[in-house]
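Trainee: Provided herewith: my_file.txt, compact mmCIF, C-alpha atoms.
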```txt
# COMPACT_ATOMS: atom_id res chain seq x y z
CA MET A 1 -132.44 65.37 29.40
CA GLU A 2 -129.57 64.77 31.82
CA PHE A 3 -128.52 68.43 31.55
CA LEU A 4 -131.99 69.56 32.63
CA ARG A 5 -132.11 67.01 35.43
CA MET A 6 -128.82 68.29 36.88
CA ASN A 7 -129.72 71.97 36.37
CA LYS A 8 -133.29 72.64 37.49
CA LYS A 9 -133.04 76.41 36.97
CA VAL A 10 -131.56 76.27 33.48
CA THR A 11 -132.55 79.09 31.11
CA VAL A 12 -133.69 78.68 27.51
CA GLY A 13 -130.51 80.37 26.30
CA ALA A 14 -128.29 77.99 28.27
CA PHE A 15 -130.23 75.01 26.94
CA LYS A 16 -129.86 76.32 23.39
CA ASP A 17 -126.09 76.70 23.83
CA LYS A 18 -125.80 73.22 25.32
CA VAL A 19 -127.56 71.67 22.31
CA HIS A 20 -125.18 73.49 19.97
CA GLU A 21 -122.15 72.40 22.01
CA GLU A 22 -123.04 68.70 22.22
CA LEU A 23 -124.87 68.11 18.91
CA ASN A 24 -123.47 70.93 16.77
CA VAL A 25 -127.03 71.90 15.86
CA ASN A 26 -128.47 75.40 15.87
CA ILE A 27 -132.04 75.73 17.12
CA THR A 28 -134.21 78.78 17.63
CA LYS A 29 -135.27 80.10 21.02
CA ASP A 30 -138.83 79.00 20.32
CA GLN A 31 -137.68 75.42 19.62
CA ALA A 32 -135.50 75.46 22.74
CA TYR A 33 -138.41 76.74 24.86
CA LYS A 34 -140.81 74.03 23.67
CA THR A 35 -138.23 71.24 23.99
CA CYS A 36 -137.19 72.41 27.44
CA GLY A 37 -140.81 72.45 28.58
CA LYS A 38 -141.50 68.91 27.31
CA ALA A 39 -138.32 67.59 28.93
CA LYS A 40 -139.23 69.13 32.30
CA ILE A 41 -142.62 67.44 32.13
CA LEU A 42 -140.91 64.07 31.52
CA ILE A 43 -138.59 64.68 34.49
CA GLN A 44 -140.92 66.32 37.01
CA GLY A 45 -144.33 65.30 35.71
CA LYS A 46 -147.43 67.47 35.39
CA TYR A 47 -148.58 69.07 38.61
CA LYS A 48 -152.19 68.06 37.92
CA GLN A 49 -151.12 64.41 37.84
CA GLN A 50 -149.06 64.90 40.99
CA CYS A 51 -152.11 66.13 42.88
CA THR A 52 -153.88 62.83 42.18
CA ARG A 53 -151.16 61.06 44.22
CA ILE A 54 -151.28 63.30 47.31
CA TRP A 55 -153.26 60.77 49.36
CA ASP A 56 -150.75 58.07 48.42
CA TYR A 57 -147.87 60.39 49.34
CA CYS A 58 -149.37 61.11 52.77
CA GLU A 59 -149.87 57.43 53.49
CA GLU A 60 -146.24 56.75 52.52
CA LEU A 61 -145.00 59.52 54.83
CA LEU A 62 -146.97 58.18 57.79
CA SER A 63 -145.91 54.58 57.22
CA SER A 64 -142.19 55.50 56.99
CA ASN A 65 -142.32 58.13 59.78
CA PRO A 66 -144.78 57.02 62.47
CA GLY A 67 -145.90 59.78 64.79
CA SER A 68 -145.64 62.50 62.18
CA THR A 69 -148.45 64.96 61.52
CA VAL A 70 -149.68 64.99 57.93
CA HIS A 71 -152.95 66.77 57.29
CA VAL A 72 -154.63 67.52 53.97
CA GLU A 73 -157.54 69.89 53.54
CA THR A 74 -159.68 69.80 50.42
CA GLU A 75 -162.70 71.65 49.14
CA ALA A 76 -165.53 70.38 46.98
CA ASN A 77 -166.01 71.77 43.52
CA GLU A 78 -169.28 73.71 43.40
CA PHE A 79 -170.27 72.17 40.06
CA SER A 80 -168.93 68.60 40.05
CA GLY A 81 -168.61 68.03 43.81
CA LYS A 82 -165.16 66.49 43.35
CA GLU A 83 -162.42 67.09 45.93
CA THR A 84 -159.88 69.78 45.05
CA PHE A 85 -156.59 70.29 46.85
CA ARG A 86 -156.51 73.29 49.20
CA ARG A 87 -153.92 72.87 51.96
CA LEU A 88 -151.24 70.46 53.19
CA TYR A 89 -149.45 70.51 56.56
CA ILE A 90 -146.44 68.30 57.41
CA CYS A 91 -144.41 68.00 60.61
CA PHE A 92 -142.11 64.98 60.91
CA ALA A 93 -141.95 63.15 64.24
CA ALA A 94 -138.14 63.34 64.24
CA LEU A 95 -138.24 67.13 63.88
CA LYS A 96 -140.79 67.47 66.66
CA LYS A 97 -138.69 65.47 69.09
CA GLY A 98 -135.38 67.00 68.05
CA PHE A 99 -136.65 70.55 68.36
CA LYS A 100 -138.21 70.01 71.77
CA GLU A 101 -135.10 68.37 73.24
CA GLY A 102 -132.24 70.25 71.57
CA CYS A 103 -133.40 73.72 70.45
CA ARG A 104 -134.47 76.92 72.11
CA PRO A 105 -138.19 77.90 72.13
CA VAL A 106 -137.59 80.38 69.31
CA LEU A 107 -139.27 80.02 65.93
CA GLY A 108 -138.95 81.98 62.71
CA MET A 109 -142.05 82.23 60.51
CA ASP A 110 -142.03 83.01 56.82
CA GLY A 111 -143.93 82.35 53.63
CA CYS A 112 -143.08 82.47 49.94
CA HIS A 113 -144.91 81.95 46.66
CA LEU A 114 -144.26 78.67 44.88
CA ARG A 115 -142.54 78.92 41.54
CA GLY A 116 -143.54 77.11 38.41
CA PRO A 117 -147.04 75.97 37.49
CA HIS A 118 -147.95 75.09 41.09
CA PRO A 119 -150.28 77.71 42.55
CA GLY A 120 -150.11 78.46 46.26
CA VAL A 121 -147.80 79.59 49.03
CA LEU A 122 -145.27 77.71 51.18
CA LEU A 123 -145.44 78.51 54.92
CA THR A 124 -142.52 77.46 57.13
CA ALA A 125 -141.57 77.38 60.80
CA VAL A 126 -137.84 77.04 61.53
CA GLY A 127 -135.79 77.03 64.72
CA ILE A 128 -132.12 77.52 65.55
CA ASP A 129 -129.93 74.62 66.70
CA ALA A 130 -126.98 74.81 69.10
CA ASN A 131 -124.65 75.64 66.22
CA ASP A 132 -126.77 78.67 65.19
CA CYS A 133 -127.97 76.87 62.05
CA ILE A 134 -131.51 76.70 60.71
CA TYR A 135 -133.53 73.77 62.05
CA PRO A 136 -136.75 73.06 60.06
CA VAL A 137 -139.77 72.22 62.19
CA ALA A 138 -142.92 72.27 60.06
CA TYR A 139 -144.15 73.46 56.69
CA ALA A 140 -147.40 73.80 54.81
CA VAL A 141 -148.71 74.53 51.33
CA VAL A 142 -151.72 76.85 51.36
CA GLU A 143 -153.70 78.82 48.81
CA THR A 144 -152.48 82.28 49.86
CA LYS A 145 -150.87 84.27 52.68
CA ASN A 146 -153.64 85.69 54.86
CA LYS A 147 -154.97 85.45 58.41
CA SER A 148 -156.99 82.33 57.68
CA SER A 149 -154.05 80.29 56.34
CA TRP A 150 -151.66 81.43 59.10
CA THR A 151 -154.27 80.67 61.78
CA TRP A 152 -154.72 77.18 60.35
CA PHE A 153 -150.92 76.70 60.36
CA PHE A 154 -150.48 77.90 63.97
CA GLU A 155 -153.22 75.62 65.28
CA PHE A 156 -151.33 72.54 64.08
CA LEU A 157 -147.99 73.96 65.21
CA LYS A 158 -149.30 74.63 68.70
CA PHE A 159 -150.49 71.03 68.97
CA ASP A 160 -147.31 69.46 67.58
CA LEU A 161 -144.93 71.40 69.82
CA THR A 162 -147.26 71.19 72.86
CA ILE A 163 -147.00 74.93 73.46
CA GLN A 164 -148.56 75.39 76.89
CA ASP A 165 -146.60 78.11 78.69
CA GLN A 166 -146.69 80.62 75.86
CA ARG A 167 -144.60 83.21 77.74
CA GLN A 168 -141.49 81.04 77.24
CA TRP A 169 -141.78 81.18 73.45
CA THR A 170 -140.63 83.77 70.92
CA PHE A 171 -141.78 84.06 67.31
CA ILE A 172 -139.82 86.09 64.74
CA SER A 173 -141.24 87.14 61.39
CA ASP A 174 -141.52 89.94 58.89
CA ARG A 175 -144.66 92.02 58.70
CA GLN A 176 -146.67 89.72 56.47
CA LYS A 177 -150.36 90.26 55.98
CA GLY A 178 -152.43 88.47 58.62
CA LEU A 179 -149.48 86.84 60.41
CA GLY A 180 -149.45 89.09 63.49
CA SER A 181 -153.20 88.93 64.02
CA ALA A 182 -153.15 85.13 63.64
CA ILE A 183 -150.51 84.86 66.38
CA GLN A 184 -152.62 87.07 68.64
CA ASP A 185 -155.65 84.81 68.15
CA ILE A 186 -153.95 81.41 68.61
CA LEU A 187 -150.93 82.24 70.81
CA PRO A 188 -151.64 85.62 72.43
CA ARG A 189 -148.96 85.34 75.14
CA VAL A 190 -146.11 84.44 72.81
CA GLU A 191 -143.53 87.18 72.40
CA HIS A 192 -143.71 88.27 68.77
CA ARG A 193 -140.69 90.07 67.32
CA HIS A 194 -140.05 91.43 63.83
CA CYS A 195 -136.97 90.47 61.83
CA VAL A 196 -134.28 93.17 62.00
CA GLY A 197 -133.16 92.44 58.45
CA HIS A 198 -136.62 93.18 57.03
CA LEU A 199 -136.95 96.31 59.17
CA HIS A 200 -133.60 97.58 57.91
CA ASN A 201 -134.59 96.93 54.29
CA ASN A 202 -137.72 99.01 54.83
CA PHE A 203 -135.82 101.81 56.59
CA LYS A 204 -133.02 102.09 54.05
CA LYS A 205 -135.47 103.08 51.32
CA VAL A 206 -135.94 106.39 53.16
CA HIS A 207 -132.66 106.49 55.11
CA PRO A 208 -129.87 105.14 52.87
CA GLY A 209 -126.27 104.83 53.99
CA GLU A 210 -124.32 102.89 56.62
CA THR A 211 -125.28 104.97 59.68
CA LEU A 212 -128.57 103.21 60.38
CA LYS A 213 -127.06 99.80 59.58
CA GLY A 214 -124.27 100.42 62.11
CA CYS A 215 -126.76 101.39 64.81
CA ILE A 216 -128.76 98.20 64.23
CA ALA A 217 -125.59 96.08 64.40
CA LEU A 218 -124.56 97.67 67.72
CA THR A 219 -128.04 97.24 69.18
CA GLY A 220 -128.12 93.52 68.40
CA ALA A 221 -124.61 92.77 69.69
CA GLU A 222 -124.21 90.48 72.71
CA PRO A 223 -121.33 90.23 75.19
CA GLU A 224 -118.75 87.68 74.08
CA SER A 225 -118.47 86.19 77.57
CA LEU A 226 -122.18 85.30 77.70
CA VAL A 227 -122.73 81.67 76.64
CA HIS A 228 -126.28 80.36 76.69
CA PRO A 229 -126.71 76.79 78.00
CA TYR A 230 -128.42 75.83 74.74
CA TYR A 231 -125.07 76.29 72.96
CA SER A 232 -123.68 72.91 73.96
CA ARG A 233 -122.62 69.69 72.33
CA ASP A 234 -125.30 67.70 74.17
CA ALA A 235 -128.05 69.99 72.89
CA TYR A 236 -126.78 69.65 69.33
CA LEU A 237 -126.75 65.84 69.55
CA LYS A 238 -130.26 65.74 71.02
CA ALA A 239 -131.57 67.86 68.16
CA TYR A 240 -130.19 65.55 65.48
CA GLU A 241 -130.49 62.20 67.25
CA PRO A 242 -133.94 61.41 65.74
CA ALA A 243 -133.79 60.54 62.06
CA ILE A 244 -136.35 61.09 59.30
CA GLY A 245 -137.19 57.82 57.60
CA PRO A 246 -136.72 57.80 53.81
CA ILE A 247 -139.70 57.07 51.62
CA ASN A 248 -140.01 54.94 48.52
CA GLY A 249 -140.35 56.31 45.03
CA PRO A 250 -143.81 57.07 43.60
CA ASN A 251 -143.88 53.79 41.68
CA ASN A 252 -143.75 51.88 45.00
CA TRP A 253 -146.42 53.86 46.85
CA LYS A 254 -149.49 51.95 47.88
CA ARG A 255 -152.69 53.13 46.25
CA CYS A 256 -155.02 54.81 48.72
CA LYS A 257 -158.66 53.79 48.64
CA ARG A 258 -159.81 57.41 48.62
CA ALA A 259 -160.78 59.02 45.35
CA PRO A 260 -157.95 61.09 43.86
CA MET A 261 -158.18 64.82 44.38
CA TYR A 262 -157.88 67.40 41.65
CA ALA A 263 -155.41 70.23 41.33
CA PRO A 264 -156.54 73.79 42.08
CA LYS A 265 -156.88 76.23 39.26
CA LYS A 266 -153.75 78.18 38.51
CA LEU A 267 -154.02 81.80 39.55
CA LYS A 268 -153.11 83.94 36.59
CA LEU A 269 -151.70 87.31 37.54
CA SER A 270 -153.05 90.31 35.75
CA GLY A 271 -149.60 91.60 34.82
CA ARG A 272 -148.78 95.01 33.44
CA PRO A 273 -151.79 96.83 31.97
CA LYS A 274 -151.69 97.45 28.25
CA LYS A 275 -151.06 100.96 27.07
CA ALA A 276 -153.85 102.70 25.20
CA ARG A 277 -152.44 103.64 21.84
CA ARG A 278 -153.83 106.59 19.99
CA ARG A 279 -154.12 106.52 16.24
CA GLU A 280 -152.77 109.45 14.39
CA PRO A 281 -155.38 111.30 12.40
CA GLY A 282 -155.17 110.11 8.82
```
Can you dump the structure from the file as structure tokens?
Mentor:
Amino acid sequence: MEFLRMNKKVTVGAFKDKVHEELNVNITKDQAYKTCGKAKILIQGKYKQQCTRIWDYCEELLSSNPGSTVHVETEANEFSGKETFRRLYICFAALKKGFKEGCRPVLGMDGCHLRGPHPGVLLTAVGIDANDCIYPVAYAVVETKNKSSWTWFFEFLKFDLTIQDQRQWTFISDRQKGLGSAIQDILPRVEHRHCVGHLHNNFKKVHPGETLKGCIALTGAEPESLVHPYYSRDAYLKAYEPAIGPINGPNNWKRCKRAPMYAPKKLKLSGRPKKARRREPG
């Protein structure tokens, strides 16, 4: 159990070898897979049970971090009418204040699929502090990456960061589906740039070699004597002066009066199509 708690990405083979090393017992891969799965449930819990505590989790976040933005969106089941989790947006008050006072008006947008049994996509907005390190601003869990989910995310982000003069802001992203059109609808005057790293990865499929990479590196170079005023000690301290308040463990969360919501259905990917096998004439 402790081995799985310390190593969240442990493989079945590594777990099997660990059991043999500590207990001098040989188990099959099937036994290791089932045991590993049961142990992870004891450590992390079932995601369906976790969804029933989302309202309690949001109340705990707001009580420990006043001024934060925590918004949950649900949808009613067409048969039972019960609430089912759909989206969750979180932006801590400390991050809002720190970004506004100590970071440049530059945001990177990205999204990734959640691993494990949890269906959905994680959307993030990150900035850059005075030490050129990533500064998280806001994040959300949505059902998929499309124009609707990105538009919903940008509406909250625009409110939290009080984006009024859009011409002073720059958004950087890859060419994800629906992201560019969502920016045009919510923040049409923001300068939208595409990530050079993603562009290079797309180009190198057709143009391999170091020539194109060298041209991109020279294009993005800046004079060494140019120092932006945001690169200062005072800006760095302002960004990290606010602190995020820690929250209690789940056992100490207050029970919300709202009815618990249910987990969304897991989206099962179709996977590789099966090959049609022909029988030999007998």
Trainee: Calculate how many Å separate atom CA of Ala39 of chain A from atom CA of Val12 of chain A, rounding to one decimal.
Mentor: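 Separation between atom CA of Ala39 of chain A and atom CA of Val12 of chain A: 12.1 Å.
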Trainee: Taking 4 positions as the minimum chain separation for residues in the same chain, which residues sit within 7 Å of segment 145-160 of chain A when counting only C-alpha atoms? Answer as a ChimeraX atom specification.
Mentor: /A:96,121,177-179,181-182,186
Trainee: Can you pull out the residues contacting Thr170 of chain A? Cut-off 10 Å, using only C-alpha atoms, and skip same-chain residues under 4 positions away; I want them as a ChimeraX atom specification.
Mentor: /A:104-108,166,189-193
Trainee: By how many Å are atom CA of Tyr135 of chain A and atom CA of Gly102 of chain A apart?
Mentor: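 Taking atom CA of Tyr135 of chain A and atom CA of Gly102 of chain A, their separation equals 10.2 Å.
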Trainee: As an exercise, work out the distance from atom CA of Val72 of chain A to atom CA of Asn251 of chain A in Å and give it to one decimal place.
Mentor: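 Distance between the two atoms: 21.3 Å.
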Trainee: Measuring between all atoms listed in the file, which one of A:Glu83, A:Glu75, A:Asp132, A:Glu59 shows the shortest distance to Ala235 of chain A?
Mentor: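 Between A:Glu83, A:Glu75, A:Asp132, A:Glu59, the residue approaching Ala235 of chain A most closely is A:Asp132.
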